[in-house]
$ cat start33.pdb   # PDB, C-alpha atoms and all ligand atoms
ATOM      1  CA  MET A 276    -104.983 -86.790  81.797  1.00  0.00           C
ATOM      2  CA  SER A 277    -103.229 -90.129  81.139  1.00  0.00           C
ATOM      3  CA  SER A 278    -104.163 -93.380  82.898  1.00  0.00           C
ATOM      4  CA  PHE A 279    -100.731 -93.201  84.531  1.00  0.00           C
ATOM      5  CA  GLN A 280    -101.728 -89.960  86.279  1.00  0.00           C
ATOM      6  CA  GLN A 281    -105.157 -91.292  87.231  1.00  0.00           C
ATOM      7  CA  ARG A 282    -103.837 -94.220  89.283  1.00  0.00           C
ATOM      8  CA  PRO A 283    -105.096 -93.610  92.840  1.00  0.00           C
ATOM      9  CA  PRO A 284    -102.540 -92.966  95.580  1.00  0.00           C
ATOM     10  CA  ARG A 285    -101.670 -95.841  97.891  1.00  0.00           C
ATOM     11  CA  ILE A 286    -100.644 -95.850 101.538  1.00  0.00           C
ATOM     12  CA  ARG A 287     -97.394 -97.571 102.482  1.00  0.00           C
ATOM     13  CA  LYS A 288     -94.711 -97.510 105.154  1.00  0.00           C
ATOM     14  CA  MET A 289     -92.433 -94.469 105.254  1.00  0.00           C
ATOM     15  CA  LEU A 290     -88.834 -95.304 104.343  1.00  0.00           C
ATOM     16  CA  PRO A 291     -85.687 -93.305 105.182  1.00  0.00           C
ATOM     17  CA  ASP A 292     -85.468 -92.473 101.456  1.00  0.00           C
ATOM     18  CA  ASP A 293     -88.826 -90.673 101.704  1.00  0.00           C
ATOM     19  CA  LEU A 294     -87.546 -88.114 104.208  1.00  0.00           C
ATOM     20  CA  ASN A 295     -86.536 -85.475 101.646  1.00  0.00           C
ATOM     21  CA  GLN A 296     -90.025 -85.394 100.176  1.00  0.00           C
ATOM     22  CA  VAL A 297     -91.684 -85.619 103.593  1.00  0.00           C
ATOM     23  CA  ILE A 298     -89.660 -82.686 104.870  1.00  0.00           C
ATOM     24  CA  ARG A 299     -90.425 -80.640 101.778  1.00  0.00           C
ATOM     25  CA  ILE A 300     -94.168 -81.113 102.410  1.00  0.00           C
ATOM     26  CA  GLU A 301     -93.754 -80.605 106.174  1.00  0.00           C
ATOM     27  CA  ARG A 302     -92.077 -77.227 105.619  1.00  0.00           C
ATOM     28  CA  GLU A 303     -94.734 -76.242 103.110  1.00  0.00           C
ATOM     29  CA  ILE A 304     -97.729 -76.948 105.380  1.00  0.00           C
ATOM     30  CA  PHE A 305     -96.510 -76.320 108.944  1.00  0.00           C
ATOM     31  CA  LEU A 306     -95.247 -73.027 110.334  1.00  0.00           C
ATOM     32  CA  PHE A 307     -93.312 -74.982 112.972  1.00  0.00           C
ATOM     33  CA  PRO A 308     -92.273 -78.140 111.104  1.00  0.00           C
ATOM     34  CA  TRP A 309     -90.811 -81.349 112.480  1.00  0.00           C
ATOM     35  CA  SER A 310     -87.114 -81.792 111.711  1.00  0.00           C
ATOM     36  CA  PRO A 311     -85.753 -84.653 109.571  1.00  0.00           C
ATOM     37  CA  GLU A 312     -84.461 -86.131 112.862  1.00  0.00           C
ATOM     38  CA  ASN A 313     -87.988 -86.156 114.330  1.00  0.00           C
ATOM     39  CA  PHE A 314     -89.143 -88.334 111.423  1.00  0.00           C
ATOM     40  CA  ALA A 315     -86.007 -90.498 111.407  1.00  0.00           C
ATOM     41  CA  ASP A 316     -86.368 -91.086 115.162  1.00  0.00           C
ATOM     42  CA  SER A 317     -90.024 -92.043 114.685  1.00  0.00           C
ATOM     43  CA  ILE A 318     -89.076 -94.607 112.028  1.00  0.00           C
ATOM     44  CA  ASN A 319     -86.260 -95.970 114.214  1.00  0.00           C
ATOM     45  CA  ALA A 320     -88.544 -96.148 117.257  1.00  0.00           C
ATOM     46  CA  GLY A 321     -90.892 -98.409 115.295  1.00  0.00           C
ATOM     47  CA  TYR A 322     -93.802 -95.971 115.245  1.00  0.00           C
ATOM     48  CA  ASP A 323     -96.312 -96.425 112.461  1.00  0.00           C
ATOM     49  CA  CYS A 324     -94.942 -93.954 109.903  1.00  0.00           C
ATOM     50  CA  HIS A 325     -96.902 -94.153 106.674  1.00  0.00           C
ATOM     51  CA  VAL A 326     -97.026 -92.149 103.466  1.00  0.00           C
ATOM     52  CA  LEU A 327     -99.641 -91.529 100.815  1.00  0.00           C
ATOM     53  CA  GLU A 328     -97.914 -92.015  97.478  1.00  0.00           C
ATOM     54  CA  GLN A 329     -98.879 -91.698  93.854  1.00  0.00           C
ATOM     55  CA  THR A 330     -96.225 -93.406  91.771  1.00  0.00           C
ATOM     56  CA  SER A 331     -93.084 -91.875  93.309  1.00  0.00           C
ATOM     57  CA  ILE A 332     -94.703 -88.600  94.394  1.00  0.00           C
ATOM     58  CA  LEU A 333     -95.672 -88.263  98.056  1.00  0.00           C
ATOM     59  CA  ALA A 334     -98.999 -86.548  98.736  1.00  0.00           C
ATOM     60  CA  GLY A 335     -99.063 -86.916 102.507  1.00  0.00           C
ATOM     61  CA  TYR A 336     -97.909 -88.801 105.576  1.00  0.00           C
ATOM     62  CA  GLY A 337     -98.700 -89.508 109.182  1.00  0.00           C
ATOM     63  CA  VAL A 338     -97.034 -90.881 112.307  1.00  0.00           C
ATOM     64  CA  MET A 339     -98.841 -92.927 114.943  1.00  0.00           C
ATOM     65  CA  MET A 340     -97.388 -94.184 118.227  1.00  0.00           C
ATOM     66  CA  ALA A 341     -99.120 -97.259 119.626  1.00  0.00           C
ATOM     67  CA  GLY A 342     -99.081 -97.867 123.376  1.00  0.00           C
ATOM     68  CA  PRO A 343    -100.448-100.936 125.160  1.00  0.00           C
ATOM     69  CA  ASP A 344    -104.040 -99.618 125.127  1.00  0.00           C
ATOM     70  CA  GLU A 345    -104.092 -96.434 123.115  1.00  0.00           C
ATOM     71  CA  ALA A 346    -102.787 -94.884 119.939  1.00  0.00           C
ATOM     72  CA  HIS A 347    -101.383 -91.365 119.644  1.00  0.00           C
ATOM     73  CA  LEU A 348    -101.486 -89.711 116.257  1.00  0.00           C
ATOM     74  CA  LEU A 349     -98.326 -87.598 116.437  1.00  0.00           C
ATOM     75  CA  THR A 350     -98.659 -85.865 113.096  1.00  0.00           C
ATOM     76  CA  ILE A 351    -100.590 -85.963 109.848  1.00  0.00           C
ATOM     77  CA  GLY A 352    -100.096 -83.815 106.767  1.00  0.00           C
ATOM     78  CA  ILE A 353    -101.299 -83.574 103.197  1.00  0.00           C
ATOM     79  CA  ALA A 354     -99.273 -81.607 100.608  1.00  0.00           C
ATOM     80  CA  ALA A 355    -100.913 -78.270  99.821  1.00  0.00           C
ATOM     81  CA  ASN A 356    -101.882 -79.196  96.252  1.00  0.00           C
ATOM     82  CA  TRP A 357    -103.514 -82.438  97.477  1.00  0.00           C
ATOM     83  CA  GLN A 358    -105.567 -80.875 100.265  1.00  0.00           C
ATOM     84  CA  SER A 359    -109.389 -80.715 100.378  1.00  0.00           C
ATOM     85  CA  GLN A 360    -109.822 -83.765  98.128  1.00  0.00           C
ATOM     86  CA  GLY A 361    -110.557 -86.323 100.844  1.00  0.00           C
ATOM     87  CA  TRP A 362    -106.984 -87.618 101.243  1.00  0.00           C
ATOM     88  CA  GLY A 363    -106.577 -86.413 104.831  1.00  0.00           C
ATOM     89  CA  LYS A 364    -109.718 -88.247 105.834  1.00  0.00           C
ATOM     90  CA  LYS A 365    -108.563 -91.373 104.005  1.00  0.00           C
ATOM     91  CA  LEU A 366    -105.158 -91.312 105.710  1.00  0.00           C
ATOM     92  CA  LEU A 367    -106.724 -90.705 109.123  1.00  0.00           C
ATOM     93  CA  ASN A 368    -109.155 -93.595 108.598  1.00  0.00           C
ATOM     94  CA  HIS A 369    -106.175 -95.756 107.633  1.00  0.00           C
ATOM     95  CA  PHE A 370    -104.493 -95.055 111.001  1.00  0.00           C
ATOM     96  CA  ILE A 371    -107.779 -95.692 112.839  1.00  0.00           C
ATOM     97  CA  HIS A 372    -108.093 -99.030 111.047  1.00  0.00           C
ATOM     98  CA  LEU A 373    -104.492 -99.868 111.964  1.00  0.00           C
ATOM     99  CA  ALA A 374    -105.126 -99.006 115.638  1.00  0.00           C
ATOM    100  CA  ARG A 375    -108.229-101.225 115.641  1.00  0.00           C
ATOM    101  CA  LEU A 376    -106.208-104.088 114.140  1.00  0.00           C
ATOM    102  CA  LYS A 377    -103.808-103.674 117.077  1.00  0.00           C
ATOM    103  CA  ASN A 378    -106.812-103.986 119.448  1.00  0.00           C
ATOM    104  CA  LEU A 379    -106.201-100.539 120.896  1.00  0.00           C
ATOM    105  CA  ARG A 380    -109.106 -98.945 122.726  1.00  0.00           C
ATOM    106  CA  SER A 381    -108.713 -95.295 121.900  1.00  0.00           C
ATOM    107  CA  MET A 382    -106.804 -92.801 119.801  1.00  0.00           C
ATOM    108  CA  PHE A 383    -105.560 -89.415 121.006  1.00  0.00           C
ATOM    109  CA  LEU A 384    -104.241 -86.416 119.128  1.00  0.00           C
ATOM    110  CA  ASP A 385    -103.398 -82.768 119.767  1.00  0.00           C
ATOM    111  CA  VAL A 386    -104.514 -79.970 117.501  1.00  0.00           C
ATOM    112  CA  ARG A 387    -103.748 -76.250 117.616  1.00  0.00           C
ATOM    113  CA  GLU A 388    -106.693 -74.238 118.801  1.00  0.00           C
ATOM    114  CA  SER A 389    -106.483 -72.125 115.602  1.00  0.00           C
ATOM    115  CA  ASN A 390    -106.433 -75.172 113.278  1.00  0.00           C
ATOM    116  CA  THR A 391    -110.174 -75.230 112.695  1.00  0.00           C
ATOM    117  CA  GLY A 392    -109.908 -77.152 109.401  1.00  0.00           C
ATOM    118  CA  ALA A 393    -108.105 -80.113 110.985  1.00  0.00           C
ATOM    119  CA  ALA A 394    -110.359 -79.995 114.077  1.00  0.00           C
ATOM    120  CA  LEU A 395    -113.404 -80.190 111.792  1.00  0.00           C
ATOM    121  CA  LEU A 396    -111.999 -83.289 110.130  1.00  0.00           C
ATOM    122  CA  TYR A 397    -111.348 -84.926 113.523  1.00  0.00           C
ATOM    123  CA  ARG A 398    -114.866 -84.098 114.762  1.00  0.00           C
ATOM    124  CA  GLN A 399    -116.348 -85.439 111.536  1.00  0.00           C
ATOM    125  CA  ILE A 400    -114.572 -88.764 112.162  1.00  0.00           C
ATOM    126  CA  GLY A 401    -115.849 -88.865 115.773  1.00  0.00           C
ATOM    127  CA  PHE A 402    -113.006 -87.415 117.868  1.00  0.00           C
ATOM    128  CA  LYS A 403    -114.176 -85.486 120.945  1.00  0.00           C
ATOM    129  CA  PRO A 404    -112.252 -82.659 122.632  1.00  0.00           C
ATOM    130  CA  ILE A 405    -111.336 -83.804 126.129  1.00  0.00           C
ATOM    131  CA  ALA A 406    -108.723 -81.341 127.431  1.00  0.00           C
ATOM    132  CA  LYS A 407    -106.638 -78.302 126.678  1.00  0.00           C
ATOM    133  CA  ARG A 408    -102.836 -77.998 127.019  1.00  0.00           C
ATOM    134  CA  LYS A 409    -102.099 -74.390 127.849  1.00  0.00           C
ATOM    135  CA  GLY A 410     -99.350 -72.851 125.682  1.00  0.00           C
ATOM    136  CA  TYR A 411     -98.370 -76.251 124.251  1.00  0.00           C
ATOM    137  CA  TYR A 412     -97.344 -75.034 120.787  1.00  0.00           C
ATOM    138  CA  PRO A 413     -94.929 -72.310 119.700  1.00  0.00           C
ATOM    139  CA  ALA A 414     -96.733 -69.571 117.770  1.00  0.00           C
ATOM    140  CA  MET A 415     -95.810 -66.422 115.883  1.00  0.00           C
ATOM    141  CA  CYS A 416     -96.772 -64.325 118.898  1.00  0.00           C
ATOM    142  CA  GLY A 417     -95.814 -66.398 121.934  1.00  0.00           C
ATOM    143  CA  ARG A 418     -97.536 -69.733 122.499  1.00  0.00           C
ATOM    144  CA  GLU A 419    -100.782 -71.393 121.500  1.00  0.00           C
ATOM    145  CA  ASP A 420    -103.031 -73.868 123.321  1.00  0.00           C
ATOM    146  CA  ALA A 421    -103.516 -77.442 122.108  1.00  0.00           C
ATOM    147  CA  ILE A 422    -106.873 -79.158 122.154  1.00  0.00           C
ATOM    148  CA  VAL A 423    -106.514 -82.829 123.106  1.00  0.00           C
ATOM    149  CA  MET A 424    -108.997 -84.991 121.208  1.00  0.00           C
ATOM    150  CA  LYS A 425    -109.959 -88.622 121.785  1.00  0.00           C
ATOM    151  CA  LEU A 426    -111.661 -91.259 119.667  1.00  0.00           C
ATOM    152  CA  MET A 427    -112.987 -94.477 121.185  1.00  0.00           C
ATOM    153  CA  LEU A 428    -112.024 -97.306 118.813  1.00  0.00           C
TER
HETATM  154  C1  LIG A 501    -105.707 -81.130 108.044  1.00  0.00           C
HETATM  155  C2  LIG A 501    -105.397 -81.968 106.803  1.00  0.00           C
HETATM  156  C3  LIG A 501    -104.604 -83.222 107.190  1.00  0.00           C
HETATM  157  C4  LIG A 501    -106.756 -82.424 106.199  1.00  0.00           C
HETATM  158  O1  LIG A 501    -106.509 -83.137 105.019  1.00  0.00           O
HETATM  159  P1  LIG A 501    -107.319 -82.776 103.682  1.00  0.00           P
HETATM  160  O2  LIG A 501    -106.976 -83.806 102.687  1.00  0.00           O
HETATM  161  O3  LIG A 501    -107.040 -81.357 103.310  1.00  0.00           O
HETATM  162  O4  LIG A 501    -108.814 -82.900 104.177  1.00  0.00           O
HETATM  163  P2  LIG A 501    -110.012 -83.718 103.510  1.00  0.00           P
HETATM  164  O5  LIG A 501    -110.200 -83.272 102.094  1.00  0.00           O
HETATM  165  O6  LIG A 501    -109.839 -85.170 103.750  1.00  0.00           O
HETATM  166  O7  LIG A 501    -111.231 -83.123 104.345  1.00  0.00           O
HETATM  167  C5  LIG A 501    -112.057 -83.922 105.143  1.00  0.00           C
HETATM  168  C6  LIG A 501    -112.901 -83.013 106.022  1.00  0.00           C
HETATM  169  O8  LIG A 501    -112.076 -82.232 106.860  1.00  0.00           O
HETATM  170  C7  LIG A 501    -112.591 -80.918 107.014  1.00  0.00           C
HETATM  171  N1  LIG A 501    -111.556 -79.990 106.561  1.00  0.00           N
HETATM  172  C8  LIG A 501    -110.320 -80.306 106.177  1.00  0.00           C
HETATM  173  N2  LIG A 501    -109.605 -79.203 105.895  1.00  0.00           N
HETATM  174  C9  LIG A 501    -110.441 -78.168 106.117  1.00  0.00           C
HETATM  175  C10 LIG A 501    -110.278 -76.752 106.035  1.00  0.00           C
HETATM  176  N3  LIG A 501    -109.125 -76.173 105.656  1.00  0.00           N
HETATM  177  N4  LIG A 501    -111.324 -75.972 106.354  1.00  0.00           N
HETATM  178  C11 LIG A 501    -112.499 -76.532 106.724  1.00  0.00           C
HETATM  179  N5  LIG A 501    -112.686 -77.865 106.844  1.00  0.00           N
HETATM  180  C12 LIG A 501    -111.674 -78.667 106.530  1.00  0.00           C
HETATM  181  C13 LIG A 501    -113.859 -80.870 106.256  1.00  0.00           C
HETATM  182  O9  LIG A 501    -114.891 -81.143 107.193  1.00  0.00           O
HETATM  183  C14 LIG A 501    -113.734 -82.011 105.261  1.00  0.00           C
HETATM  184  O10 LIG A 501    -114.955 -82.586 105.004  1.00  0.00           O
HETATM  185  P3  LIG A 501    -115.792 -82.225 103.673  1.00  0.00           P
HETATM  186  O11 LIG A 501    -114.877 -82.577 102.537  1.00  0.00           O
HETATM  187  O12 LIG A 501    -116.965 -83.119 103.793  1.00  0.00           O
HETATM  188  O13 LIG A 501    -116.066 -80.774 103.762  1.00  0.00           O
HETATM  189  C15 LIG A 501    -104.631 -81.165 105.715  1.00  0.00           C
HETATM  190  O14 LIG A 501    -105.434 -80.071 105.313  1.00  0.00           O
HETATM  191  C16 LIG A 501    -103.277 -80.665 106.179  1.00  0.00           C
HETATM  192  O15 LIG A 501    -102.289 -81.359 106.016  1.00  0.00           O
HETATM  193  N6  LIG A 501    -103.197 -79.441 106.729  1.00  0.00           N
HETATM  194  C17 LIG A 501    -101.938 -78.846 107.148  1.00  0.00           C
HETATM  195  C18 LIG A 501    -101.266 -79.624 108.255  1.00  0.00           C
HETATM  196  C19 LIG A 501    -102.205 -79.844 109.440  1.00  0.00           C
HETATM  197  O16 LIG A 501    -102.883 -78.946 109.896  1.00  0.00           O
HETATM  198  N7  LIG A 501    -102.179 -81.085 109.965  1.00  0.00           N
HETATM  199  C20 LIG A 501    -102.964 -81.463 111.123  1.00  0.00           C
HETATM  200  C21 LIG A 501    -102.226 -81.123 112.376  1.00  0.00           C
HETATM  201  S1  LIG A 501    -103.186 -81.513 113.814  1.00  0.00           S
END
$ encode --input "start33.pdb" --output "structure tokens"
Amino acid sequence: MSSFQQRPPRIRKMLPDDLNQVIRIEREIFLFPWSPENFADSINAGYDCHVLEQTSILAGYGVMMAGPDEAHLLTIGIAANWQSQGWGKKLLNHFIHLARLKNLRSMFLDVRESNTGAALLYRQIGFKPIAKRKGYYPAMCGREDAIVMKLML
């Protein structure tokens, strides 16, 4: 492997030019993906939209909405061939750090009840399940509940 390939990924702001790559990953890893408009609206609304990039290749991304007191992690994704190497945890910790810098008190997120891998990551970081949203997500057979999780910052 060349030193060029070994350079570690960096986290930076998502730009409109990133949307093609973001959407390609989104469609690869989510059964019910966000649309390009969902991401474009998030950028335009001033949400914290960040990507994990190695050279010009995107490995992941996340979107956080900051309110006056609390942060909401709206989505986070790591490209399939980058998963299970610690990058999801790194990106999540980046958003937590960002929320702390903004002096927010807590962070919330929703996770599908069946998404045990993601839920394990959130628990490992310290998120606690606090509520359930009945039938919140579309699913292959009807709807699926969301678990609402909260982290005190
Ligand atoms: C969930 C996701 C962001 C995690 O990112 P990742 O880079 O694959 O995860 P990491 O390598 O950082 O894993 C960190 C911890 O999370 C847990 N974890 C992550 N994915 C897991 C899986 N599929 N099964 C079991 N545990 C998993 C483990 O506890 C792991 O800790 P360990 O390495 O000490 O075992 C990523 O797998 C992903 O994008 N999945 C598809 C989209 C998605 O579900 N997004 C979240 C929506 S709420």
$ residues_around --input "start33.pdb" --residues "Gly361 (chain A)" --least-positions-apart "5" --cutoff "10 Å" --atoms "only C-alpha atoms" --output "list of chain:residue names"
A:Ile353, A:Leu366, A:Leu396
$ closest_atom_pairs --input "start33.pdb" --of "chain A" --to "ligand LIG 501 (chain A)" --cutoff "10 Å" --atoms "all atoms listed in the file" --output "Markdown table"
| residue | atom | partner | partner_atom | distance |
| --- | --- | --- | --- | --- |
| A:Ile300 | CA | A:LIG501 | O15 | 8.9 |
| A:Glu301 | CA | A:LIG501 | C18 | 7.9 |
| A:Arg302 | CA | A:LIG501 | C18 | 9.9 |
| A:Glu303 | CA | A:LIG501 | C17 | 8.7 |
| A:Ile304 | CA | A:LIG501 | C17 | 4.9 |
| A:Phe305 | CA | A:LIG501 | C18 | 5.8 |
| A:Leu306 | CA | A:LIG501 | C18 | 9.2 |
| A:Pro308 | CA | A:LIG501 | C18 | 9.5 |
| A:Ala334 | CA | A:LIG501 | O2 | 9.3 |
| A:Gly335 | CA | A:LIG501 | O15 | 7.3 |
| A:Tyr336 | CA | A:LIG501 | O15 | 8.6 |
| A:Gly337 | CA | A:LIG501 | C3 | 8.9 |
| A:Leu348 | CA | A:LIG501 | S1 | 8.7 |
| A:Leu349 | CA | A:LIG501 | S1 | 8.2 |
| A:Thr350 | CA | A:LIG501 | C21 | 6.0 |
| A:Ile351 | CA | A:LIG501 | N7 | 5.1 |
| A:Gly352 | CA | A:LIG501 | O15 | 3.4 |
| A:Ile353 | CA | A:LIG501 | O15 | 3.7 |
| A:Ala354 | CA | A:LIG501 | O15 | 6.2 |
| A:Ala355 | CA | A:LIG501 | O15 | 7.1 |
| A:Asn356 | CA | A:LIG501 | O3 | 9.0 |
| A:Trp357 | CA | A:LIG501 | O2 | 6.4 |
| A:Gln358 | CA | A:LIG501 | O3 | 3.4 |
| A:Ser359 | CA | A:LIG501 | O5 | 3.2 |
| A:Gln360 | CA | A:LIG501 | O5 | 4.0 |
| A:Gly361 | CA | A:LIG501 | O6 | 3.2 |
| A:Trp362 | CA | A:LIG501 | O2 | 4.1 |
| A:Gly363 | CA | A:LIG501 | O1 | 3.3 |
| A:Lys364 | CA | A:LIG501 | O6 | 3.7 |
| A:Lys365 | CA | A:LIG501 | O6 | 6.3 |
| A:Leu366 | CA | A:LIG501 | O6 | 8.0 |
| A:Leu367 | CA | A:LIG501 | C3 | 8.0 |
| A:Asn368 | CA | A:LIG501 | O6 | 9.7 |
| A:Leu384 | CA | A:LIG501 | S1 | 7.3 |
| A:Asp385 | CA | A:LIG501 | S1 | 6.1 |
| A:Val386 | CA | A:LIG501 | S1 | 4.2 |
| A:Arg387 | CA | A:LIG501 | S1 | 6.5 |
| A:Glu388 | CA | A:LIG501 | S1 | 9.5 |
| A:Ser389 | CA | A:LIG501 | O16 | 9.6 |
| A:Asn390 | CA | A:LIG501 | O16 | 6.2 |
| A:Thr391 | CA | A:LIG501 | N4 | 6.5 |
| A:Gly392 | CA | A:LIG501 | C10 | 3.4 |
| A:Ala393 | CA | A:LIG501 | C1 | 3.9 |
| A:Ala394 | CA | A:LIG501 | S1 | 7.3 |
| A:Leu395 | CA | A:LIG501 | C7 | 4.9 |
| A:Leu396 | CA | A:LIG501 | O8 | 3.4 |
| A:Tyr397 | CA | A:LIG501 | O8 | 7.2 |
| A:Arg398 | CA | A:LIG501 | O9 | 8.1 |
| A:Gln399 | CA | A:LIG501 | O9 | 6.3 |
| A:Ile400 | CA | A:LIG501 | C6 | 8.6 |
| A:Ala421 | CA | A:LIG501 | S1 | 9.2 |
| A:Ile422 | CA | A:LIG501 | S1 | 9.4 |
| A:Val423 | CA | A:LIG501 | S1 | 10.0 |
$ residues_around --input "start33.pdb" --residues "Ala315 (chain A)" --least-positions-apart "2" --cutoff "12 Å" --atoms "all atoms listed in the file" --output "PDB file with C-alpha atoms, keeping the file's coordinate frame"
ATOM      1  CA  MET A 289     -92.433 -94.469 105.254  1.00  0.00           C
ATOM      2  CA  LEU A 290     -88.834 -95.304 104.343  1.00  0.00           C
ATOM      3  CA  PRO A 291     -85.687 -93.305 105.182  1.00  0.00           C
ATOM      4  CA  ASP A 292     -85.468 -92.473 101.456  1.00  0.00           C
ATOM      5  CA  ASP A 293     -88.826 -90.673 101.704  1.00  0.00           C
ATOM      6  CA  LEU A 294     -87.546 -88.114 104.208  1.00  0.00           C
ATOM      7  CA  ASN A 295     -86.536 -85.475 101.646  1.00  0.00           C
ATOM      8  CA  VAL A 297     -91.684 -85.619 103.593  1.00  0.00           C
ATOM      9  CA  ILE A 298     -89.660 -82.686 104.870  1.00  0.00           C
ATOM     10  CA  TRP A 309     -90.811 -81.349 112.480  1.00  0.00           C
ATOM     11  CA  SER A 310     -87.114 -81.792 111.711  1.00  0.00           C
ATOM     12  CA  PRO A 311     -85.753 -84.653 109.571  1.00  0.00           C
ATOM     13  CA  GLU A 312     -84.461 -86.131 112.862  1.00  0.00           C
ATOM     14  CA  ASN A 313     -87.988 -86.156 114.330  1.00  0.00           C
ATOM     15  CA  SER A 317     -90.024 -92.043 114.685  1.00  0.00           C
ATOM     16  CA  ILE A 318     -89.076 -94.607 112.028  1.00  0.00           C
ATOM     17  CA  ASN A 319     -86.260 -95.970 114.214  1.00  0.00           C
ATOM     18  CA  ALA A 320     -88.544 -96.148 117.257  1.00  0.00           C
ATOM     19  CA  GLY A 321     -90.892 -98.409 115.295  1.00  0.00           C
ATOM     20  CA  TYR A 322     -93.802 -95.971 115.245  1.00  0.00           C
ATOM     21  CA  ASP A 323     -96.312 -96.425 112.461  1.00  0.00           C
ATOM     22  CA  CYS A 324     -94.942 -93.954 109.903  1.00  0.00           C
ATOM     23  CA  VAL A 338     -97.034 -90.881 112.307  1.00  0.00           C
TER      24      VAL A 338
END
$ residues_around --input "start33.pdb" --residues "Phe383 (chain A)" --least-positions-apart "5" --cutoff "7 Å" --atoms "all atoms listed in the file" --output "MDAnalysis selection string"
chainID A and resid 346:348 423:426
$ closest_atom_pairs --input "start33.pdb" --of "region 295-370 of chain A" --to "region 284-287 of chain A" --cutoff "6 Å" --atoms "all atoms listed in the file" --output "Markdown table"
| residue | atom | partner | partner_atom | distance |
| --- | --- | --- | --- | --- |
| A:His325 | CA | A:Arg287 | CA | 5.4 |
| A:Val326 | CA | A:Arg287 | CA | 5.5 |
| A:Leu327 | CA | A:Ile286 | CA | 4.5 |
| A:Glu328 | CA | A:Pro284 | CA | 5.1 |
| A:Gln329 | CA | A:Pro284 | CA | 4.2 |
$ atom_distance --input "start33.pdb" --atom1 "CA of Ala341 (chain A)" --atom2 "CA of His369 (chain A)"
14.0 Å
$ atom_distance --input "start33.pdb" --atom1 "CA of Gly417 (chain A)" --atom2 "CA of Phe307 (chain A)"
12.7 Å
$ atom_distance --input "start33.pdb" --atom1 "CA of Thr330 (chain A)" --atom2 "CA of Lys288 (chain A)"
14.1 Å
$ residues_around --input "start33.pdb" --residues "Gly410 (chain A)" --least-positions-apart "2" --cutoff "8 Å" --atoms "all atoms listed in the file" --output "list in words"
Arg408, Tyr412, Pro413, Arg418, Glu419, Asp420 and Ala421 of chain A
